[in-house]
file entry07.json (JSON, C-alpha atoms)
[["chain", "number", "residue", "atom", "x", "y", "z"],
["A", 6, "MET", "CA", 85.98, 113.96, 97.83],
["A", 7, "PRO", "CA", 88.81, 114.36, 95.32],
["A", 8, "ARG", "CA", 91.14, 111.46, 94.70],
["A", 9, "TYR", "CA", 94.90, 111.73, 94.35],
["A", 10, "VAL", "CA", 97.60, 109.45, 93.04],
["A", 11, "ILE", "CA", 101.06, 108.56, 94.28],
["A", 12, "LYS", "CA", 102.97, 106.90, 91.45],
["A", 13, "ILE", "CA", 105.90, 104.78, 92.61],
["A", 14, "LYS", "CA", 108.44, 103.84, 89.95],
["A", 15, "SER", "CA", 111.70, 102.25, 91.02],
["A", 16, "THR", "CA", 112.68, 104.05, 94.26],
["A", 17, "ALA", "CA", 111.36, 107.51, 93.35],
["A", 18, "ILE", "CA", 107.97, 108.83, 94.47],
["A", 19, "PHE", "CA", 106.10, 111.28, 92.26],
["A", 20, "ILE", "CA", 102.93, 113.03, 93.42],
["A", 21, "THR", "CA", 100.50, 114.13, 90.72],
["A", 22, "ALA", "CA", 97.89, 116.78, 91.55],
["A", 23, "PHE", "CA", 94.54, 116.43, 89.84],
["A", 24, "PHE", "CA", 92.96, 119.18, 91.91],
["A", 25, "LEU", "CA", 94.23, 122.40, 93.41],
["A", 26, "THR", "CA", 93.51, 121.11, 96.90],
["A", 27, "VAL", "CA", 96.29, 118.51, 96.64],
["A", 28, "SER", "CA", 98.78, 121.34, 96.18],
["A", 29, "MET", "CA", 97.46, 122.85, 99.40],
["A", 30, "LEU", "CA", 97.85, 119.49, 101.10],
["A", 31, "LEU", "CA", 101.43, 118.99, 99.94],
["A", 32, "SER", "CA", 102.52, 122.55, 100.63],
["A", 33, "GLY", "CA", 101.32, 122.12, 104.18],
["A", 34, "MET", "CA", 103.35, 118.97, 104.73],
["A", 35, "SER", "CA", 106.49, 120.96, 105.53],
["A", 36, "ASN", "CA", 104.76, 122.71, 108.45],
["A", 37, "ASN", "CA", 105.41, 120.92, 111.74],
["A", 38, "GLY", "CA", 102.05, 121.82, 113.25],
["A", 39, "LYS", "CA", 100.15, 119.00, 114.93],
["A", 40, "GLY", "CA", 96.48, 118.50, 115.61],
["A", 41, "ASN", "CA", 93.91, 115.86, 116.57],
["A", 42, "LEU", "CA", 92.07, 113.20, 114.59],
["A", 43, "VAL", "CA", 88.62, 112.11, 115.80],
["A", 44, "GLY", "CA", 87.11, 108.94, 114.38],
["A", 45, "GLN", "CA", 83.74, 107.22, 114.45],
["A", 46, "ILE", "CA", 83.94, 103.45, 113.95],
["A", 47, "TYR", "CA", 80.88, 101.66, 112.60],
["A", 48, "ALA", "CA", 79.89, 98.17, 111.54],
["A", 49, "GLN", "CA", 79.45, 97.26, 107.89],
["A", 50, "ASP", "CA", 76.03, 98.93, 107.79],
["A", 51, "GLY", "CA", 77.71, 102.29, 108.42],
["A", 52, "SER", "CA", 75.41, 103.20, 111.31],
["A", 53, "THR", "CA", 75.95, 100.69, 114.15],
["A", 54, "PRO", "CA", 78.79, 101.96, 116.38],
["A", 55, "ILE", "CA", 81.59, 99.58, 117.37],
["A", 56, "GLU", "CA", 82.71, 99.68, 121.00],
["A", 57, "GLY", "CA", 86.16, 98.52, 122.13],
["A", 58, "ALA", "CA", 88.00, 99.06, 118.82],
["A", 59, "SER", "CA", 91.13, 101.17, 118.28],
["A", 60, "LEU", "CA", 92.09, 103.37, 115.35],
["A", 61, "ALA", "CA", 95.70, 102.83, 114.25],
["A", 62, "ILE", "CA", 97.60, 104.88, 111.67],
["A", 63, "ARG", "CA", 101.20, 104.74, 110.52],
["A", 64, "ASN", "CA", 103.08, 107.65, 108.97],
["A", 65, "LEU", "CA", 104.48, 106.57, 105.62],
["A", 66, "THR", "CA", 107.53, 108.85, 105.91],
["A", 67, "THR", "CA", 108.55, 108.59, 109.56],
["A", 68, "GLY", "CA", 107.16, 105.15, 110.34],
["A", 69, "LYS", "CA", 105.57, 106.48, 113.54],
["A", 70, "VAL", "CA", 102.47, 104.55, 114.63],
["A", 71, "TYR", "CA", 99.58, 106.16, 116.50],
["A", 72, "VAL", "CA", 97.06, 103.91, 118.28],
["A", 73, "SER", "CA", 93.97, 105.34, 119.94],
["A", 74, "PRO", "CA", 92.41, 104.16, 123.20],
["A", 75, "LYS", "CA", 89.50, 101.78, 122.65],
["A", 76, "SER", "CA", 86.34, 103.29, 121.26],
["A", 77, "GLU", "CA", 83.44, 104.35, 123.45],
["A", 78, "ALA", "CA", 79.90, 102.99, 123.19],
["A", 79, "ASP", "CA", 79.19, 105.47, 120.39],
["A", 80, "GLY", "CA", 82.21, 104.22, 118.41],
["A", 81, "SER", "CA", 84.25, 107.37, 118.95],
["A", 82, "VAL", "CA", 88.07, 107.42, 119.18],
["A", 83, "VAL", "CA", 90.64, 110.21, 119.41],
["A", 84, "LEU", "CA", 94.25, 110.43, 118.24],
["A", 85, "GLU", "CA", 96.13, 113.44, 119.58],
["A", 86, "ASP", "CA", 99.16, 115.34, 118.26],
["A", 87, "ILE", "CA", 99.00, 113.96, 114.73],
["A", 88, "GLU", "CA", 101.41, 115.44, 112.20],
["A", 89, "ARG", "CA", 100.67, 116.14, 108.57],
["A", 90, "GLY", "CA", 101.49, 113.30, 106.21],
["A", 91, "PHE", "CA", 100.37, 110.19, 104.35],
["A", 92, "TYR", "CA", 99.21, 107.29, 106.52],
["A", 93, "LYS", "CA", 98.33, 103.64, 106.46],
["A", 94, "LEU", "CA", 95.11, 103.06, 108.40],
["A", 95, "GLY", "CA", 93.67, 100.15, 110.35],
["A", 96, "ILE", "CA", 91.05, 99.29, 112.94],
["A", 97, "LEU", "CA", 92.10, 96.89, 115.72],
["A", 98, "THR", "CA", 89.38, 94.82, 117.39],
["A", 99, "ALA", "CA", 89.29, 91.88, 119.80],
["A", 100, "ASP", "CA", 88.46, 89.61, 116.83],
["A", 101, "GLY", "CA", 91.27, 90.84, 114.57],
["A", 102, "SER", "CA", 92.49, 93.70, 112.41],
["A", 103, "PHE", "CA", 90.80, 95.57, 109.56],
["A", 104, "TYR", "CA", 93.04, 97.49, 107.16],
["A", 105, "ALA", "CA", 92.39, 100.10, 104.48],
["A", 106, "ARG", "CA", 93.36, 99.39, 100.88],
["A", 107, "ASP", "CA", 94.39, 102.99, 100.24],
["A", 108, "LEU", "CA", 96.51, 105.58, 101.97],
["A", 109, "MET", "CA", 95.04, 108.47, 103.92],
["A", 110, "GLY", "CA", 96.42, 112.00, 103.60],
["A", 111, "VAL", "CA", 96.15, 114.26, 106.65],
["A", 112, "ASN", "CA", 96.49, 118.01, 106.14],
["A", 113, "ILE", "CA", 96.04, 118.84, 109.79],
["A", 114, "ARG", "CA", 96.74, 122.34, 111.09],
["A", 115, "SER", "CA", 98.31, 123.25, 114.41],
["A", 116, "GLU", "CA", 95.93, 122.46, 117.28],
["A", 117, "SER", "CA", 93.06, 121.80, 114.86],
["A", 118, "THR", "CA", 90.83, 118.71, 114.75],
["A", 119, "GLU", "CA", 89.83, 116.64, 111.71],
["A", 120, "THR", "CA", 87.19, 113.90, 111.75],
["A", 121, "ILE", "CA", 86.64, 110.67, 109.83],
["A", 122, "SER", "CA", 83.94, 107.99, 109.78],
["A", 123, "ILE", "CA", 85.03, 104.39, 109.18],
["A", 124, "SER", "CA", 83.09, 101.20, 108.58],
["A", 125, "ILE", "CA", 84.63, 97.75, 109.05],
["A", 126, "ASN", "CA", 83.77, 95.02, 106.58],
["A", 127, "PRO", "CA", 84.80, 91.44, 107.45],
["A", 128, "TYR", "CA", 85.86, 89.05, 104.72],
["A", 129, "ASP", "CA", 83.92, 85.86, 104.21],
["A", 130, "LYS", "CA", 85.91, 82.75, 105.12],
["A", 131, "LYS", "CA", 87.03, 81.92, 101.60],
["A", 132, "GLU", "CA", 88.27, 85.42, 100.81],
["A", 133, "ALA", "CA", 89.95, 85.72, 104.21],
["A", 134, "ASN", "CA", 91.97, 82.55, 103.60],
["A", 135, "ALA", "CA", 92.97, 83.73, 100.12],
["A", 136, "VAL", "CA", 94.03, 87.19, 101.29],
["A", 137, "ASN", "CA", 96.07, 85.73, 104.14],
["A", 138, "ASP", "CA", 97.94, 83.53, 101.64],
["A", 139, "LEU", "CA", 99.14, 86.66, 99.85],
["A", 140, "TYR", "CA", 99.25, 89.59, 102.24],
["A", 141, "LEU", "CA", 102.80, 89.31, 103.63],
["A", 142, "GLU", "CA", 104.43, 88.70, 100.26],
["A", 143, "MET", "CA", 102.52, 91.51, 98.56],
["A", 144, "ASP", "CA", 103.05, 94.03, 101.33],
["A", 145, "GLU", "CA", 106.81, 93.53, 101.03],
["A", 146, "ASN", "CA", 107.18, 93.03, 97.28],
["A", 147, "ASP", "CA", 104.10, 94.60, 95.62],
["A", 148, "GLU", "CA", 103.48, 91.32, 93.80],
["A", 149, "ALA", "CA", 103.01, 87.62, 94.47],
["A", 150, "VAL", "CA", 102.79, 84.44, 92.38],
["A", 151, "ILE", "CA", 99.18, 83.31, 92.12],
["A", 152, "GLY", "CA", 99.22, 80.89, 89.19],
["A", 153, "HIS", "CA", 100.81, 79.50, 86.05],
["A", 154, "VAL", "CA", 99.82, 79.11, 82.42],
["A", 155, "LEU", "CA", 98.50, 75.69, 81.37],
["A", 156, "GLN", "CA", 97.64, 76.44, 77.73],
["A", 157, "TYR", "CA", 97.40, 79.26, 75.22],
["A", 158, "ASP", "CA", 95.06, 79.47, 72.22],
["A", 159, "PRO", "CA", 96.47, 81.89, 69.61],
["A", 160, "GLU", "CA", 93.15, 81.95, 67.70],
["A", 161, "THR", "CA", 91.13, 83.26, 70.64],
["A", 162, "GLY", "CA", 93.98, 85.00, 72.46],
["A", 163, "MET", "CA", 92.95, 83.23, 75.67],
["A", 164, "ALA", "CA", 95.34, 81.69, 78.19],
["A", 165, "GLU", "CA", 94.29, 78.90, 80.51],
["A", 166, "VAL", "CA", 95.62, 79.58, 83.99],
["A", 167, "GLU", "CA", 95.61, 77.49, 87.16],
["A", 168, "ILE", "CA", 95.32, 79.54, 90.35],
["A", 169, "ILE", "CA", 97.80, 77.98, 92.80],
["A", 170, "LYS", "CA", 97.56, 80.51, 95.66],
["A", 171, "GLY", "CA", 95.38, 83.35, 96.85],
["A", 172, "LEU", "CA", 92.81, 84.87, 94.53],
["A", 173, "LEU", "CA", 92.39, 86.75, 91.27],
["A", 174, "LYS", "CA", 89.62, 89.32, 90.87],
["A", 175, "LYS", "CA", 88.24, 90.92, 87.74],
["A", 176, "ASP", "CA", 89.99, 94.23, 86.91],
["A", 177, "SER", "CA", 93.11, 93.21, 88.85],
["A", 178, "VAL", "CA", 96.53, 93.68, 87.24],
["A", 179, "VAL", "CA", 98.74, 90.66, 86.59],
["A", 180, "TYR", "CA", 102.28, 90.25, 85.35],
["A", 181, "ILE", "CA", 102.94, 87.16, 83.23],
["A", 182, "ARG", "CA", 106.63, 86.26, 83.19],
["A", 183, "GLY", "CA", 108.29, 83.76, 80.89],
["A", 184, "GLU", "CA", 111.32, 83.17, 78.71],
["A", 185, "SER", "CA", 109.57, 84.27, 75.51],
["A", 186, "ASN", "CA", 107.42, 87.14, 76.73],
["A", 187, "SER", "CA", 107.04, 89.09, 79.97],
["A", 188, "PHE", "CA", 104.16, 91.56, 80.16],
["A", 189, "ARG", "CA", 101.76, 93.27, 82.51],
["A", 190, "GLN", "CA", 98.05, 93.73, 81.85],
["A", 191, "LYS", "CA", 94.66, 94.28, 83.40],
["A", 192, "VAL", "CA", 92.41, 91.23, 83.64],
["A", 193, "GLU", "CA", 89.11, 92.45, 82.21],
["A", 194, "THR", "CA", 87.47, 89.03, 81.79],
["A", 195, "ILE", "CA", 87.67, 85.79, 83.78],
["A", 196, "LEU", "CA", 86.02, 82.67, 82.37],
["A", 197, "MET", "CA", 85.47, 79.48, 84.36],
["A", 198, "ASN", "CA", 83.79, 76.46, 82.75],
["A", 199, "GLY", "CA", 82.65, 78.74, 79.95],
["A", 200, "ASN", "CA", 80.97, 81.24, 82.29],
["A", 201, "GLU", "CA", 82.18, 84.72, 83.21],
["A", 202, "VAL", "CA", 83.02, 85.12, 86.92],
["A", 203, "ASN", "CA", 84.25, 88.00, 89.06],
["A", 204, "GLU", "CA", 86.94, 86.11, 90.99],
["A", 205, "ALA", "CA", 88.88, 82.86, 91.12],
["A", 206, "TYR", "CA", 90.56, 81.06, 94.01],
["A", 207, "GLU", "CA", 93.22, 78.42, 94.65],
["A", 208, "GLY", "CA", 92.51, 75.27, 92.65],
["A", 209, "ASP", "CA", 90.39, 77.02, 90.01],
["A", 210, "ILE", "CA", 91.29, 76.73, 86.33],
["A", 211, "ILE", "CA", 90.29, 79.80, 84.36],
["A", 212, "GLN", "CA", 90.68, 81.43, 80.96],
["A", 213, "ILE", "CA", 91.76, 85.06, 80.58],
["A", 214, "PRO", "CA", 92.46, 87.14, 77.46],
["A", 215, "VAL", "CA", 96.14, 88.05, 77.10],
["A", 216, "LYS", "CA", 97.80, 90.71, 74.95],
["A", 217, "LEU", "CA", 100.92, 88.63, 74.14],
["A", 218, "SER", "CA", 101.45, 84.91, 73.73],
["A", 219, "PRO", "CA", 102.63, 83.15, 76.92],
["A", 220, "ASP", "CA", 104.29, 79.75, 77.07],
["A", 221, "ILE", "CA", 103.07, 76.78, 79.07],
["A", 222, "GLY", "CA", 104.45, 77.13, 82.58],
["A", 223, "ASP", "CA", 104.84, 80.92, 82.58],
["A", 224, "LEU", "CA", 104.22, 82.31, 86.05],
["A", 225, "VAL", "CA", 101.31, 84.68, 86.75],
["A", 226, "TYR", "CA", 101.86, 87.37, 89.38],
["A", 227, "LEU", "CA", 99.24, 89.52, 91.03],
["A", 228, "CYS", "CA", 100.48, 93.13, 91.02],
["A", 229, "GLN", "CA", 99.73, 96.09, 93.24],
["A", 230, "LYS", "CA", 99.13, 98.53, 90.40],
["A", 231, "GLN", "CA", 95.49, 98.37, 91.42],
["A", 232, "ARG", "CA", 95.50, 97.33, 95.02],
["A", 233, "ILE", "CA", 93.10, 94.56, 96.05],
["A", 234, "LEU", "CA", 94.91, 93.85, 99.31],
["A", 235, "PRO", "CA", 95.11, 96.29, 102.18],
["A", 236, "PHE", "CA", 98.02, 98.26, 103.58],
["A", 237, "LEU", "CA", 99.25, 96.59, 106.75],
["A", 238, "LEU", "CA", 100.30, 97.98, 110.10],
["A", 239, "ASP", "CA", 102.21, 95.08, 111.64],
["A", 240, "PHE", "CA", 99.21, 94.10, 113.76],
["A", 241, "GLY", "CA", 98.62, 90.69, 112.21],
["A", 242, "SER", "CA", 96.83, 89.37, 109.15],
["A", 243, "PRO", "CA", 93.66, 91.15, 108.04],
["A", 244, "ILE", "CA", 90.19, 89.78, 108.74],
["A", 245, "GLY", "CA", 88.48, 92.48, 106.70],
["A", 246, "LEU", "CA", 88.63, 95.98, 105.25],
["A", 247, "ALA", "CA", 88.45, 99.37, 106.95],
["A", 248, "ILE", "CA", 86.66, 101.85, 104.69],
["A", 249, "ILE", "CA", 86.58, 105.60, 105.24],
["A", 250, "THR", "CA", 83.02, 106.65, 104.47],
["A", 251, "ALA", "CA", 83.21, 110.36, 105.32],
["A", 252, "SER", "CA", 85.73, 112.95, 106.46],
["A", 253, "THR", "CA", 86.35, 116.64, 106.90],
["A", 254, "ALA", "CA", 88.28, 118.63, 104.31],
["A", 255, "GLY", "CA", 91.68, 118.02, 105.91],
["A", 256, "VAL", "CA", 91.56, 114.26, 105.28],
["A", 257, "THR", "CA", 91.94, 112.72, 101.83],
["A", 258, "TYR", "CA", 91.95, 109.03, 100.92],
["A", 259, "GLY", "CA", 92.07, 106.74, 97.93],
["A", 260, "ILE", "CA", 95.46, 108.24, 97.03],
["A", 261, "TYR", "CA", 97.60, 105.18, 96.27],
["A", 262, "LYS", "CA", 98.57, 103.73, 92.94],
["A", 263, "ALA", "CA", 101.86, 101.90, 92.47],
["A", 264, "ILE", "CA", 103.56, 101.28, 89.13],
["A", 265, "LYS", "CA", 106.71, 99.20, 89.30],
["A", 266, "GLU", "CA", 109.40, 99.07, 86.66],
["A", 267, "GLU", "CA", 109.21, 95.54, 85.29],
["A", 268, "PRO", "CA", 112.16, 93.60, 83.84],
["A", 269, "GLU", "CA", 112.25, 93.04, 80.10],
["A", 270, "ALA", "CA", 113.15, 89.40, 80.60],
["A", 271, "SER", "CA", 111.99, 87.27, 83.46],
["A", 272, "PRO", "CA", 114.54, 86.00, 85.99],
["A", 273, "TYR", "CA", 112.21, 83.07, 86.61],
["A", 274, "LYS", "CA", 112.18, 79.94, 84.53],
["A", 275, "PRO", "CA", 108.74, 78.61, 83.58],
["A", 276, "LYS", "CA", 107.64, 75.28, 84.91],
["A", 277, "LYS", "CA", 107.92, 72.38, 82.50]]
call {"tool": "encode", "arguments": {"input": "entry07.json", "output": "structure tokens"}}
result
Amino acid sequence: MPRYVIKIKSTAIFITAFFLTVSMLLSGMSNNGKGNLVGQIYAQDGSTPIEGASLAIRNLTTGKVYVSPKSEADGSVVLEDIERGFYKLGILTADGSFYARDLMGVNIRSESTETISISINPYDKKEANAVNDLYLEMDENDEAVIGHVLQYDPETGMAEVEIIKGLLKKDSVVYIRGESNSFRQKVETILMNGNEVNEAYEGDIIQIPVKLSPDIGDLVYLCQKQRILPFLLDFGSPIGLAIITASTAGVTYGIYKAIKEEPEASPYKPKK
């Protein structure tokens, strides 16, 4: 399945085509034809069907939300009269909502039917609490404060950071804002107590390599350049992820990447 990128900078949206098929997708968006979307909802194992769940999608352009009737015993759901476009996607269950991290593109043709298979993956308790601390702020602002700098060692280029909210995962993108330097970077290494870890949570003190020298008290923001939190559909906080595991040719996913213009100087004053 090809992957596509929407780059968002300031208020403009630019769509970059890496494959010819994306041009076909976008050229079809102007056609008002509508069709059907059939889904199969499975548990985390990808084979056990989920009964009583609904597929919900929201059109990124029009804001229209489609919610299917509850799934049958075989996990099947149907959404009718879907228009072409880019969509947020979620699965609604009696226990809570599961949301996709990426957008879904639907190149549906008039009166045609496309199919997708979706697995739902619940968070463990610790990750669920951390995600819920961040999800509203990040869905609205594309970034959220997760920590602040405690120390910086110019010889090693490592900053000591206290995580004060949410979580930080390896390969996430952070923005460090201060009076001296403000910069964005990917976190390729996280050290805790001298050991490399994949993630850190509220209360953890970690060391990360930084490309510029921060000051003590500089704020650390988690950015949405590489999304670790899901797109939301106004159906409550997420309890896990919805992952599209297969689809027909008219459905594309994994198409979101946001790059915000960052200020040269931070409007925030570092903590003393």
call {"tool": "closest_residue", "arguments": {"input": "entry07.json", "among": "A:Lys216, A:Arg63, A:Lys69, A:His153", "to": "Met109 of chain A", "atoms": "only C-alpha atoms"}}
result
A:Arg63
call {"tool": "atom_distance", "arguments": {"input": "entry07.json", "atom1": "atom CA of Leu224 of chain A", "atom2": "atom CA of Leu108 of chain A"}}
result
29.2 Å
call {"tool": "residues_around", "arguments": {"input": "entry07.json", "residues": "Glu132 of chain A", "least_positions_apart": "6", "cutoff": "10 Å", "atoms": "only C-alpha atoms", "output": "JSON list (two decimals) with C-alpha atoms, in the coordinates of the input"}}
result
[["chain", "number", "residue", "atom", "x", "y", "z"],
["A", 138, "ASP", "CA", 97.94, 83.53, 101.64],
["A", 171, "GLY", "CA", 95.38, 83.35, 96.85],
["A", 172, "LEU", "CA", 92.81, 84.87, 94.53],
["A", 204, "GLU", "CA", 86.94, 86.11, 90.99],
["A", 206, "TYR", "CA", 90.56, 81.06, 94.01],
["A", 244, "ILE", "CA", 90.19, 89.78, 108.74],
["A", 245, "GLY", "CA", 88.48, 92.48, 106.70]]
call {"tool": "atom_distance", "arguments": {"input": "entry07.json", "atom1": "atom CA of Leu246 of chain A", "atom2": "atom CA of Asn126 of chain A"}}
result
5.1 Å
call {"tool": "closest_residue", "arguments": {"input": "entry07.json", "among": "A:Gly255, A:Gly38, A:Gly199, A:Gly152", "to": "Ile168 of chain A", "atoms": "all atoms listed in the file"}}
result
A:Gly152
call {"tool": "closest_residue", "arguments": {"input": "entry07.json", "among": "A:Val215, A:Leu237, A:Ala78, A:Leu42", "to": "Leu94 of chain A", "atoms": "all atoms listed in the file"}}
result
A:Leu237
call {"tool": "residues_around", "arguments": {"input": "entry07.json", "residues": "Asp220 of chain A", "least_positions_apart": "6", "cutoff": "12 Å", "atoms": "only C-alpha atoms", "output": "JSON, numbers by chain"}}
result
{"A": [153, 154, 155, 156, 157, 158, 159, 163, 164, 165, 166, 181, 182, 183, 184, 185, 186, 187, 274, 275, 276, 277]}
call {"tool": "atom_distance", "arguments": {"input": "entry07.json", "atom1": "atom CA of Asp209 of chain A", "atom2": "atom CA of Glu167 of chain A"}}
result
6.0 Å
call {"tool": "closest_residue", "arguments": {"input": "entry07.json", "among": "A:Ala48, A:Val202, A:Ala251, A:Val178", "to": "Ile125 of chain A", "atoms": "all atoms listed in the file"}}
result
A:Ala48
call {"tool": "residues_near_point", "arguments": {"input": "entry07.json", "point": "(96.8, 76.5, 93.9)", "cutoff": "6 Å", "atoms": "all atoms listed in the file", "output": "ChimeraX atom specification"}}
result
/A:168-170,207-208
call {"tool": "build_atoms", "arguments": {"input": "entry07.json", "residues": "segment 153-180 of chain A", "atoms": "N, CA and C atoms", "output": "PDB file, in the frame of the given file"}}
result
ATOM      1  N   HIS A 153      99.933  79.742  87.200  1.00  0.00           N
ATOM      2  CA  HIS A 153     100.810  79.500  86.050  1.00  0.00           C
ATOM      3  C   HIS A 153      99.962  79.118  84.853  1.00  0.00           C
ATOM      4  N   VAL A 154     100.539  79.336  83.672  1.00  0.00           N
ATOM      5  CA  VAL A 154      99.820  79.110  82.420  1.00  0.00           C
ATOM      6  C   VAL A 154      99.824  77.629  82.082  1.00  0.00           C
ATOM      7  N   LEU A 155      98.625  77.094  81.774  1.00  0.00           N
ATOM      8  CA  LEU A 155      98.500  75.690  81.370  1.00  0.00           C
ATOM      9  C   LEU A 155      98.464  75.552  79.850  1.00  0.00           C
ATOM     10  N   GLN A 156      97.757  76.488  79.187  1.00  0.00           N
ATOM     11  CA  GLN A 156      97.640  76.440  77.730  1.00  0.00           C
ATOM     12  C   GLN A 156      97.441  77.844  77.196  1.00  0.00           C
ATOM     13  N   TYR A 157      97.690  77.993  75.883  1.00  0.00           N
ATOM     14  CA  TYR A 157      97.400  79.260  75.220  1.00  0.00           C
ATOM     15  C   TYR A 157      96.823  78.965  73.850  1.00  0.00           C
ATOM     16  N   ASP A 158      95.719  79.631  73.511  1.00  0.00           N
ATOM     17  CA  ASP A 158      95.060  79.470  72.220  1.00  0.00           C
ATOM     18  C   ASP A 158      95.293  80.731  71.400  1.00  0.00           C
ATOM     19  N   PRO A 159      96.171  80.686  70.387  1.00  0.00           N
ATOM     20  CA  PRO A 159      96.470  81.890  69.610  1.00  0.00           C
ATOM     21  C   PRO A 159      95.277  82.391  68.799  1.00  0.00           C
ATOM     22  N   GLU A 160      94.314  81.529  68.486  1.00  0.00           N
ATOM     23  CA  GLU A 160      93.150  81.950  67.700  1.00  0.00           C
ATOM     24  C   GLU A 160      92.214  82.827  68.535  1.00  0.00           C
ATOM     25  N   THR A 161      92.035  82.484  69.782  1.00  0.00           N
ATOM     26  CA  THR A 161      91.130  83.260  70.640  1.00  0.00           C
ATOM     27  C   THR A 161      91.868  84.287  71.490  1.00  0.00           C
ATOM     28  N   GLY A 162      93.209  84.111  71.601  1.00  0.00           N
ATOM     29  CA  GLY A 162      93.980  85.000  72.460  1.00  0.00           C
ATOM     30  C   GLY A 162      93.746  84.758  73.939  1.00  0.00           C
ATOM     31  N   MET A 163      93.252  83.560  74.277  1.00  0.00           N
ATOM     32  CA  MET A 163      92.950  83.230  75.670  1.00  0.00           C
ATOM     33  C   MET A 163      94.009  82.291  76.237  1.00  0.00           C
ATOM     34  N   ALA A 164      94.422  82.570  77.462  1.00  0.00           N
ATOM     35  CA  ALA A 164      95.340  81.690  78.190  1.00  0.00           C
ATOM     36  C   ALA A 164      94.575  80.960  79.275  1.00  0.00           C
ATOM     37  N   GLU A 165      94.862  79.684  79.413  1.00  0.00           N
ATOM     38  CA  GLU A 165      94.290  78.900  80.510  1.00  0.00           C
ATOM     39  C   GLU A 165      95.262  78.935  81.678  1.00  0.00           C
ATOM     40  N   VAL A 166      94.771  79.358  82.833  1.00  0.00           N
ATOM     41  CA  VAL A 166      95.620  79.580  83.990  1.00  0.00           C
ATOM     42  C   VAL A 166      95.080  78.797  85.179  1.00  0.00           C
ATOM     43  N   GLU A 167      95.982  78.133  85.891  1.00  0.00           N
ATOM     44  CA  GLU A 167      95.610  77.490  87.160  1.00  0.00           C
ATOM     45  C   GLU A 167      96.001  78.414  88.307  1.00  0.00           C
ATOM     46  N   ILE A 168      95.038  78.732  89.169  1.00  0.00           N
ATOM     47  CA  ILE A 168      95.320  79.540  90.350  1.00  0.00           C
ATOM     48  C   ILE A 168      95.900  78.602  91.419  1.00  0.00           C
ATOM     49  N   ILE A 169      97.130  78.868  91.853  1.00  0.00           N
ATOM     50  CA  ILE A 169      97.800  77.980  92.800  1.00  0.00           C
ATOM     51  C   ILE A 169      97.868  78.570  94.207  1.00  0.00           C
ATOM     52  N   LYS A 170      97.516  79.881  94.337  1.00  0.00           N
ATOM     53  CA  LYS A 170      97.560  80.510  95.660  1.00  0.00           C
ATOM     54  C   LYS A 170      96.737  81.790  95.620  1.00  0.00           C
ATOM     55  N   GLY A 171      96.053  82.074  96.722  1.00  0.00           N
ATOM     56  CA  GLY A 171      95.380  83.350  96.850  1.00  0.00           C
ATOM     57  C   GLY A 171      94.148  83.462  95.990  1.00  0.00           C
ATOM     58  N   LEU A 172      93.987  84.616  95.343  1.00  0.00           N
ATOM     59  CA  LEU A 172      92.810  84.870  94.530  1.00  0.00           C
ATOM     60  C   LEU A 172      93.146  85.832  93.409  1.00  0.00           C
ATOM     61  N   LEU A 173      92.322  85.803  92.372  1.00  0.00           N
ATOM     62  CA  LEU A 173      92.390  86.750  91.270  1.00  0.00           C
ATOM     63  C   LEU A 173      91.007  87.327  91.066  1.00  0.00           C
ATOM     64  N   LYS A 174      90.904  88.662  91.081  1.00  0.00           N
ATOM     65  CA  LYS A 174      89.620  89.320  90.870  1.00  0.00           C
ATOM     66  C   LYS A 174      89.614  90.038  89.527  1.00  0.00           C
ATOM     67  N   LYS A 175      88.408  90.158  88.971  1.00  0.00           N
ATOM     68  CA  LYS A 175      88.240  90.920  87.740  1.00  0.00           C
ATOM     69  C   LYS A 175      88.740  92.344  87.936  1.00  0.00           C
ATOM     70  N   ASP A 176      89.410  92.876  86.926  1.00  0.00           N
ATOM     71  CA  ASP A 176      89.990  94.230  86.910  1.00  0.00           C
ATOM     72  C   ASP A 176      91.276  94.331  87.714  1.00  0.00           C
ATOM     73  N   SER A 177      91.793  93.199  88.224  1.00  0.00           N
ATOM     74  CA  SER A 177      93.110  93.210  88.850  1.00  0.00           C
ATOM     75  C   SER A 177      94.182  93.299  87.757  1.00  0.00           C
ATOM     76  N   VAL A 178      95.402  93.610  88.168  1.00  0.00           N
ATOM     77  CA  VAL A 178      96.530  93.680  87.240  1.00  0.00           C
ATOM     78  C   VAL A 178      97.457  92.497  87.520  1.00  0.00           C
ATOM     79  N   VAL A 179      97.822  91.789  86.463  1.00  0.00           N
ATOM     80  CA  VAL A 179      98.740  90.660  86.590  1.00  0.00           C
ATOM     81  C   VAL A 179      99.979  90.915  85.761  1.00  0.00           C
ATOM     82  N   TYR A 180     101.044  90.225  86.132  1.00  0.00           N
ATOM     83  CA  TYR A 180     102.280  90.250  85.350  1.00  0.00           C
ATOM     84  C   TYR A 180     102.599  88.806  84.989  1.00  0.00           C
TER      85      TYR A 180
END
